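Report on one structure; see the data block that follows.
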Amino acid sequence: MSKKKEVNCEELCPEWECTQPSEYSGIWVVGEIDETEETISEPSLQMLTPANYIASKLGVEVEGLLLGYDKELLEKAAHEMIYHGANRVRILTSNKLKPYIAEVYARIISQIVDKYKPEVVFFPATMKGRELAPYVANTLRAGITADCTQFDVDEKTGDVLMIRPPFAAILLAYIKTPTRRPQIGTARPNVFPKPPRDASRKGEILWEDEKEYKIPRPRTRLVRVEYMKREEIPIEKAEYIVSGGRGVGTLEGFKMLEELAELLGGVVAGSRKAVDLGLIPHDKQVGQTGKAVKAKLYIAVGISGAAQHVVGIRECRVVVAINKDPDAPIFKHADYGIVGDWREIVTELIKALRERTKKAS
Ligand SMILES: Cc1cc2nc3c(=O)[nH]c(=O)nc-3n(C[C@H](O)[C@H](O)[C@H](O)COP(=O)(O)OP(=O)(O)OC[C@H]3O[C@@H](n4cnc5c(N)ncnc54)[C@H](O)[C@@H]3O)c2cc1C
C-alpha cells in the first residue's frame with residue numbers, strides 16, 4: 001500500500017507548518033485511567049481493536065500513550081494495554097499532572113505526538129477523550145472525526161477512513177484527511193469490543209522525561225470533586241436491558257418495563273424518542289447520541305430500529321424485538337422477533353418470570 005505520498009506545500013494553508021504524511025508512522029491510542037476503578041478504562045482498551053486492525057492493514061505497530069501522576073498505576077495500565085494488543089506504551093508522569101485538567105493534558109499530548117509523529121491517534125470518546133481529542137487536533141492543526149463506528153484504510157493512498165453516521169441521515173460518511181497528520185479519531189464506549197487479554201504478551205514500556213516537555217500552568221482550578229452515588233448499574237455496564245421506545249408511550253408503560261428488568265436482574269433504557277417524550281432520562285438513551293451498550297440480552301420494546309438507535313446495540317449478544325409492525329426495521333437487527341402489542345407480551349413475560357422465581361424459591 002502506498003504511504004509515501006507527498007503533499008504540495010504551496011496548496012496548503014501558508015500559516016500552517018507543512019509536514020509530509022510520509023514523516024508519520026504508527027497507530028497510537030491515548031489511554032485513560034479510570035480513577036474510581038484504579039485501572040485503565042475499558043473504553044481505552046476497546047480502542048485497541050480498531051488500532052490493531054488499521055495497523056495490520058498499514059503494516060505498522062500500535063502504541064499506547066498514558067499520562068498521569070501515579071507511577072505504579074500507570075505502569076499497571078501500560079501492561080494492560082500490552083496484554084490487549086499494544087506493541088509498546090509510552091508513559092509521562094509528573095506531579096504537575098495532578099489533578100487532571102484537560103488543557104494541561106492536551107498540551108502535553110500534543111507535544112509528545114508532535115515529537116514522535118504517529119500517523120493516527122485514537123481517543124476513546126469518553127468524557128475526558130471528548131474534551132482532549134479536539135484540543136489536540138486543534139493544537140496540531142490536524143483533522144478529527146468524532147464518534148466513528150468503523151475505521152478502514154483507503155487502499156490507494158493509505159489514508160485512514162473514519163466512518164460514522166452523519167447527522168440526520170441513514171447512510172455512512174467516509175471521512176479522510178489527505179494532507180494533514182496525525183489523523184485523529186474517536187469512538188464511543190462499547191462501539192468496539194475489547195480485544196482478548198493475553199497476559200503472556202510482551203511489549204516495551206518507555207518512560208518519557210518530563211523535563212523535555214513544557215507542562216503549562218493550568219488556567220483553571222479544580223475546587224472539589226464529588227462522586228455521584230449510583231443506585232443502579234449504568235446501562236453501558238448492564239448485562240440485561242429492557243429498552244422502551246415511543247411505542248411504549250407512557251410512564252406507566254415504562255413502569256412495566258422496569259418490573260420486567262428487575263425480574264431479569266437488569267436495567268431499563270430507551271430510544272431517543274422516549275427521552276424526548278420525558279419517559280426516561282438522557283443518561284439511559286441508547287444510540288448514536290446516547291450510549292452504546294453490550295448487554296447479554298437486549299429487549300427492544302416499541303422501538304422502530306432507526307439507524308441511529310441500532311448503532312448502539314451492535315455489541316449486544318442477543319437482541320429480542322417486540323413490535324406490532326412486522327415490517328419494523330428493528331427485526332432485521334434482532335435474533336428473536338415478537339410481533340404484537342407490547343403490553344400483552346410484556347405482561348406474559350412478567351408472569352412467566354414471576355412463576356419461575358416462585359418455583360425456584
Ligand atoms: C442526529 C440524530 C441522532 C439521533 N440519535 C439517536 C440515538 O442516539 N438513539 C435513538 O434511539 N434515536 C436517535 N435518533 C432518532 C432516530 O432517528 C429515531 O427517530 C428514534 O430512534 C425513533 O425512536 P422510537 O423507535 O422509539 O420511535 P418510533 O420510530 O416512532 O417507533 C415506535 C415503534 O413502536 C411501535 N409500536 C407502537 N405501538 C406499539 C405497541 N402497542 N406495541 C408494539 N409496538 C408498538 C411502532 O410500530 C414503531 O415501530 C437520532 C436522530 C438524529 C437525526
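As shown in the C-alpha cells, the chain order sets the letters A, B, ...; within each chain, residues go from 1, and ligands are also counted from 1 in the order they appear.
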
*Hey, which residues come within 7 Å of ligand 1 if we count only C-alpha atoms and all ligand atoms? Could you give them as a PyMOL selection string?*
chain A and resi 167-169+244-248+270-274+285-291+301-309+322-325+328+340-343

*Among the residues of segment 87-284 of chain A, find those DSSP assigns to alpha helix (DSSP H) from the backbone and print them as a PyMOL selection string.*
chain A and resi 102-116+127-140+251-264+272-276

Store the residues picked out above, limited to N, CA and C atoms, as a short mmCIF file (atom, residue, chain, number, x, y, z; two decimals), in the first residue's frame.
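New file selection24.cif:
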data_model
loop_
_atom_site.label_atom_id
_atom_site.label_comp_id
_atom_site.auth_asym_id
_atom_site.auth_seq_id
_atom_site.Cartn_x
_atom_site.Cartn_y
_atom_site.Cartn_z
N ALA A 102 -7.96 19.25 31.57
CA ALA A 102 -7.95 18.90 30.13
C ALA A 102 -6.90 19.70 29.36
N GLU A 103 -6.84 21.00 29.59
CA GLU A 103 -5.94 21.85 28.82
C GLU A 103 -4.47 21.41 28.99
N VAL A 104 -4.12 21.09 30.23
CA VAL A 104 -2.73 20.70 30.52
C VAL A 104 -2.42 19.36 29.83
N TYR A 105 -3.29 18.39 30.01
CA TYR A 105 -3.07 17.08 29.41
C TYR A 105 -3.01 17.19 27.88
N ALA A 106 -3.93 17.98 27.33
CA ALA A 106 -3.99 18.08 25.86
C ALA A 106 -2.71 18.72 25.31
N ARG A 107 -2.18 19.69 26.05
CA ARG A 107 -0.98 20.36 25.52
C ARG A 107 0.23 19.44 25.60
N ILE A 108 0.29 18.59 26.61
CA ILE A 108 1.40 17.63 26.70
C ILE A 108 1.25 16.55 25.61
N ILE A 109 0.02 16.05 25.46
CA ILE A 109 -0.20 15.03 24.42
C ILE A 109 0.23 15.60 23.06
N SER A 110 -0.15 16.84 22.80
CA SER A 110 0.21 17.47 21.51
C SER A 110 1.73 17.50 21.34
N GLN A 111 2.45 17.83 22.41
CA GLN A 111 3.92 17.89 22.30
C GLN A 111 4.51 16.51 22.03
N ILE A 112 3.98 15.50 22.73
CA ILE A 112 4.54 14.14 22.55
C ILE A 112 4.22 13.63 21.14
N VAL A 113 3.00 13.87 20.69
CA VAL A 113 2.61 13.42 19.34
C VAL A 113 3.46 14.15 18.30
N ASP A 114 3.68 15.43 18.51
CA ASP A 114 4.47 16.21 17.56
C ASP A 114 5.92 15.70 17.50
N LYS A 115 6.40 15.19 18.62
CA LYS A 115 7.77 14.68 18.66
C LYS A 115 7.90 13.35 17.93
N TYR A 116 6.97 12.42 18.19
CA TYR A 116 7.13 11.06 17.64
C TYR A 116 6.37 10.81 16.34
N MET A 127 -15.90 11.03 28.53
CA MET A 127 -15.97 12.46 28.93
C MET A 127 -14.61 13.12 28.71
N LYS A 128 -13.54 12.43 29.16
CA LYS A 128 -12.20 13.03 29.02
C LYS A 128 -11.77 13.06 27.56
N GLY A 129 -11.93 11.92 26.87
CA GLY A 129 -11.49 11.82 25.47
C GLY A 129 -12.17 12.86 24.60
N ARG A 130 -13.43 13.13 24.91
CA ARG A 130 -14.19 14.09 24.09
C ARG A 130 -13.69 15.50 24.26
N GLU A 131 -13.06 15.81 25.41
CA GLU A 131 -12.51 17.16 25.53
C GLU A 131 -11.04 17.21 25.09
N LEU A 132 -10.33 16.08 25.26
CA LEU A 132 -8.90 16.09 24.89
C LEU A 132 -8.69 16.07 23.37
N ALA A 133 -9.43 15.18 22.68
CA ALA A 133 -9.16 14.94 21.26
C ALA A 133 -9.27 16.21 20.40
N PRO A 134 -10.36 16.98 20.52
CA PRO A 134 -10.44 18.19 19.70
C PRO A 134 -9.38 19.22 20.06
N TYR A 135 -9.00 19.26 21.35
CA TYR A 135 -7.97 20.20 21.79
C TYR A 135 -6.64 19.86 21.11
N VAL A 136 -6.33 18.55 21.10
CA VAL A 136 -5.08 18.09 20.47
C VAL A 136 -5.13 18.35 18.96
N ALA A 137 -6.28 18.03 18.35
CA ALA A 137 -6.41 18.22 16.90
C ALA A 137 -6.22 19.68 16.53
N ASN A 138 -6.81 20.55 17.31
CA ASN A 138 -6.70 21.98 17.01
C ASN A 138 -5.27 22.47 17.20
N THR A 139 -4.62 22.01 18.27
CA THR A 139 -3.24 22.44 18.53
C THR A 139 -2.32 21.99 17.39
N LEU A 140 -2.57 20.78 16.89
CA LEU A 140 -1.68 20.24 15.85
C LEU A 140 -2.17 20.56 14.43
N LEU A 251 -45.47 6.84 31.00
CA LEU A 251 -44.65 6.50 32.17
C LEU A 251 -45.13 5.19 32.81
N GLU A 252 -46.44 4.96 32.76
CA GLU A 252 -46.99 3.70 33.31
C GLU A 252 -46.41 2.53 32.51
N GLY A 253 -46.31 2.71 31.21
CA GLY A 253 -45.73 1.68 30.35
C GLY A 253 -44.29 1.39 30.76
N PHE A 254 -43.54 2.44 31.03
CA PHE A 254 -42.15 2.24 31.44
C PHE A 254 -42.05 1.56 32.81
N LYS A 255 -43.06 1.78 33.66
CA LYS A 255 -43.08 1.08 34.97
C LYS A 255 -43.13 -0.44 34.74
N MET A 256 -43.90 -0.85 33.72
CA MET A 256 -43.97 -2.29 33.41
C MET A 256 -42.61 -2.80 32.90
N LEU A 257 -41.93 -1.96 32.11
CA LEU A 257 -40.59 -2.37 31.63
C LEU A 257 -39.63 -2.50 32.80
N GLU A 258 -39.78 -1.57 33.79
CA GLU A 258 -38.92 -1.65 34.99
C GLU A 258 -39.13 -2.96 35.73
N GLU A 259 -40.39 -3.35 35.81
CA GLU A 259 -40.71 -4.61 36.51
C GLU A 259 -40.06 -5.79 35.80
N LEU A 260 -40.15 -5.78 34.48
CA LEU A 260 -39.53 -6.87 33.71
C LEU A 260 -38.00 -6.86 33.90
N ALA A 261 -37.43 -5.64 33.85
CA ALA A 261 -35.98 -5.51 34.00
C ALA A 261 -35.54 -6.03 35.37
N GLU A 262 -36.31 -5.68 36.39
CA GLU A 262 -35.97 -6.11 37.75
C GLU A 262 -35.98 -7.63 37.86
N LEU A 263 -36.99 -8.25 37.28
CA LEU A 263 -37.08 -9.71 37.34
C LEU A 263 -35.90 -10.37 36.61
N LEU A 264 -35.36 -9.69 35.61
CA LEU A 264 -34.22 -10.23 34.87
C LEU A 264 -32.89 -9.89 35.54
N ARG A 272 -34.22 7.54 21.70
CA ARG A 272 -34.21 9.00 21.83
C ARG A 272 -35.64 9.56 21.88
N LYS A 273 -36.54 8.92 21.16
CA LYS A 273 -37.93 9.39 21.20
C LYS A 273 -38.49 9.25 22.61
N ALA A 274 -38.11 8.18 23.30
CA ALA A 274 -38.57 8.00 24.68
C ALA A 274 -37.99 9.09 25.57
N VAL A 275 -36.74 9.48 25.29
CA VAL A 275 -36.11 10.55 26.07
C VAL A 275 -36.82 11.87 25.77
N ASP A 276 -37.06 12.14 24.47
CA ASP A 276 -37.73 13.39 24.07
C ASP A 276 -39.12 13.51 24.70
#

*Quick one: everything within 10 Å of Glu61 of chain A, counting only C-alpha atoms, minus sequence neighbours fewer than 4 positions away in the same chain. Send it as number ranges by chain.*
A: 25-28, 51-52, 54-56, 85-88, 118

*What is the atom CA of Val320 of chain A to atom CA of Lys294 of chain A distance in Å?*
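Taking atom CA of Val320 of chain A as the start and atom CA of Lys294 of chain A as the end point, the length is 13.7 Å.
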
*So what do you get for atom CA of Tyr298 of chain A versus atom CA of Ala146 of chain A, distance-wise?*
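Atom CA of Tyr298 of chain A sits 25.8 Å away from atom CA of Ala146 of chain A.
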
*What separation in Å, quoted to one decimal, exists between atom CA of Glu210 of chain A and atom CA of Glu119 of chain A?*
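Those two atoms sit 23.2 Å apart.
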
*Choose the residue, out of A:Pro234, A:Pro329, A:Gly312, A:Gly278, that has the smallest atom-to-atom separation from Gly266 of chain A; count only C-alpha atoms.*
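Residue with the minimum atom-to-atom distance to Gly266 of chain A: A:Pro234.
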
_Nearest to Asp283 of chain A by atom-to-atom distance, counting only C-alpha atoms, from A:Glu236, A:Glu315, A:Glu17, A:Glu204_ =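 That would be A:Glu236, the residue with the smallest distance to Asp283 of chain A.
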
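Nearest to Tyr24 of chain A of all the residues A:Lys117, A:Cys9, A:Gly64, A:Ser94 is A:Lys117, counting only C-alpha atoms.
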
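By only C-alpha atoms, and with residues fewer than 2 positions from Ile241 of chain A along its chain excluded, the set lying at most 8 Å from it is A:Ile235, A:Ala238, A:Glu239, A:Ser243, A:Ala261, A:Gly266, A:Val267, A:Val268, A:Ala269, A:Ala295, A:Leu297, A:Tyr298, A:Ile299.
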
Preceding selection exported with N, CA, C and O atoms as a PDB file, in the first residue's frame:
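Done, and the output landed in result-v7.pdb:
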ATOM      1  N   ILE A 235     -26.267   1.819  32.124  1.00  0.00           N
ATOM      2  CA  ILE A 235     -26.696   0.942  31.011  1.00  0.00           C
ATOM      3  C   ILE A 235     -25.506   0.379  30.233  1.00  0.00           C
ATOM      4  O   ILE A 235     -25.571  -0.725  29.722  1.00  0.00           O
ATOM      5  N   ALA A 238     -24.570  -2.790  31.953  1.00  0.00           N
ATOM      6  CA  ALA A 238     -25.629  -3.760  32.304  1.00  0.00           C
ATOM      7  C   ALA A 238     -25.595  -4.985  31.396  1.00  0.00           C
ATOM      8  O   ALA A 238     -25.288  -4.887  30.209  1.00  0.00           O
ATOM      9  N   GLU A 239     -25.925  -6.138  31.991  1.00  0.00           N
ATOM     10  CA  GLU A 239     -25.960  -7.384  31.208  1.00  0.00           C
ATOM     11  C   GLU A 239     -27.333  -7.668  30.637  1.00  0.00           C
ATOM     12  O   GLU A 239     -27.463  -8.372  29.642  1.00  0.00           O
ATOM     13  N   SER A 243     -35.438  -2.119  26.906  1.00  0.00           N
ATOM     14  CA  SER A 243     -35.367  -0.770  26.356  1.00  0.00           C
ATOM     15  C   SER A 243     -36.687  -0.406  25.690  1.00  0.00           C
ATOM     16  O   SER A 243     -37.232  -1.185  24.915  1.00  0.00           O
ATOM     17  N   ALA A 261     -37.433  -5.637  33.847  1.00  0.00           N
ATOM     18  CA  ALA A 261     -35.977  -5.513  34.004  1.00  0.00           C
ATOM     19  C   ALA A 261     -35.540  -6.028  35.374  1.00  0.00           C
ATOM     20  O   ALA A 261     -34.537  -6.735  35.500  1.00  0.00           O
ATOM     21  N   GLY A 266     -31.807  -6.731  35.553  1.00  0.00           N
ATOM     22  CA  GLY A 266     -31.216  -5.755  34.638  1.00  0.00           C
ATOM     23  C   GLY A 266     -31.732  -4.352  34.851  1.00  0.00           C
ATOM     24  O   GLY A 266     -32.253  -4.030  35.929  1.00  0.00           O
ATOM     25  N   VAL A 267     -31.590  -3.526  33.825  1.00  0.00           N
ATOM     26  CA  VAL A 267     -31.990  -2.116  33.926  1.00  0.00           C
ATOM     27  C   VAL A 267     -32.842  -1.726  32.719  1.00  0.00           C
ATOM     28  O   VAL A 267     -32.871  -2.429  31.718  1.00  0.00           O
ATOM     29  N   VAL A 268     -33.478  -0.564  32.859  1.00  0.00           N
ATOM     30  CA  VAL A 268     -34.296  -0.038  31.769  1.00  0.00           C
ATOM     31  C   VAL A 268     -33.507   1.009  30.994  1.00  0.00           C
ATOM     32  O   VAL A 268     -32.724   1.762  31.572  1.00  0.00           O
ATOM     33  N   ALA A 269     -33.689   1.022  29.678  1.00  0.00           N
ATOM     34  CA  ALA A 269     -33.085   2.053  28.837  1.00  0.00           C
ATOM     35  C   ALA A 269     -34.149   2.499  27.840  1.00  0.00           C
ATOM     36  O   ALA A 269     -35.313   2.096  27.953  1.00  0.00           O
ATOM     37  N   ALA A 295     -25.049  -5.543  26.248  1.00  0.00           N
ATOM     38  CA  ALA A 295     -25.765  -6.468  27.125  1.00  0.00           C
ATOM     39  C   ALA A 295     -25.741  -7.892  26.563  1.00  0.00           C
ATOM     40  O   ALA A 295     -25.622  -8.095  25.361  1.00  0.00           O
ATOM     41  N   LEU A 297     -28.412  -9.634  26.948  1.00  0.00           N
ATOM     42  CA  LEU A 297     -29.773  -9.675  26.406  1.00  0.00           C
ATOM     43  C   LEU A 297     -30.330  -8.255  26.331  1.00  0.00           C
ATOM     44  O   LEU A 297     -30.338  -7.534  27.336  1.00  0.00           O
ATOM     45  N   TYR A 298     -30.750  -7.850  25.130  1.00  0.00           N
ATOM     46  CA  TYR A 298     -31.332  -6.514  24.926  1.00  0.00           C
ATOM     47  C   TYR A 298     -32.742  -6.711  24.390  1.00  0.00           C
ATOM     48  O   TYR A 298     -32.924  -7.280  23.309  1.00  0.00           O
ATOM     49  N   ILE A 299     -33.739  -6.281  25.154  1.00  0.00           N
ATOM     50  CA  ILE A 299     -35.125  -6.423  24.697  1.00  0.00           C
ATOM     51  C   ILE A 299     -35.617  -5.041  24.260  1.00  0.00           C
ATOM     52  O   ILE A 299     -35.737  -4.125  25.082  1.00  0.00           O
TER      53      ILE A 299
END

*Per DSSP on the backbone, filter segment 243-323 of chain A down to the residues in strand (DSSP E) and report them as a list in words.*
Ser243, Gly244, Val267, Val268, Ala269, Gly270, Leu297, Tyr298, Ile299, Ala300, Val301, Val318, Val319, Val320, Ala321, Ile322 and Asn323 of chain A

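Distance check against Val30 of chain A using only C-alpha atoms: of A:Val60, A:Lys98, A:Ile184, A:Thr149, the minimum falls on A:Ile184.
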
_Surrounding residues of His79 of chain A excluding itself and chain neighbours under 4 positions, 10 Å, only C-alpha atoms, as a ChimeraX atom specification_ = /A:40,74-75,83-86,88-89,199,201-205

*Contact residues around Glu6 of chain A with only C-alpha atoms at 8 Å, ignoring same-chain residues under 5 positions, as a ChimeraX atom specification*: /A:20-22
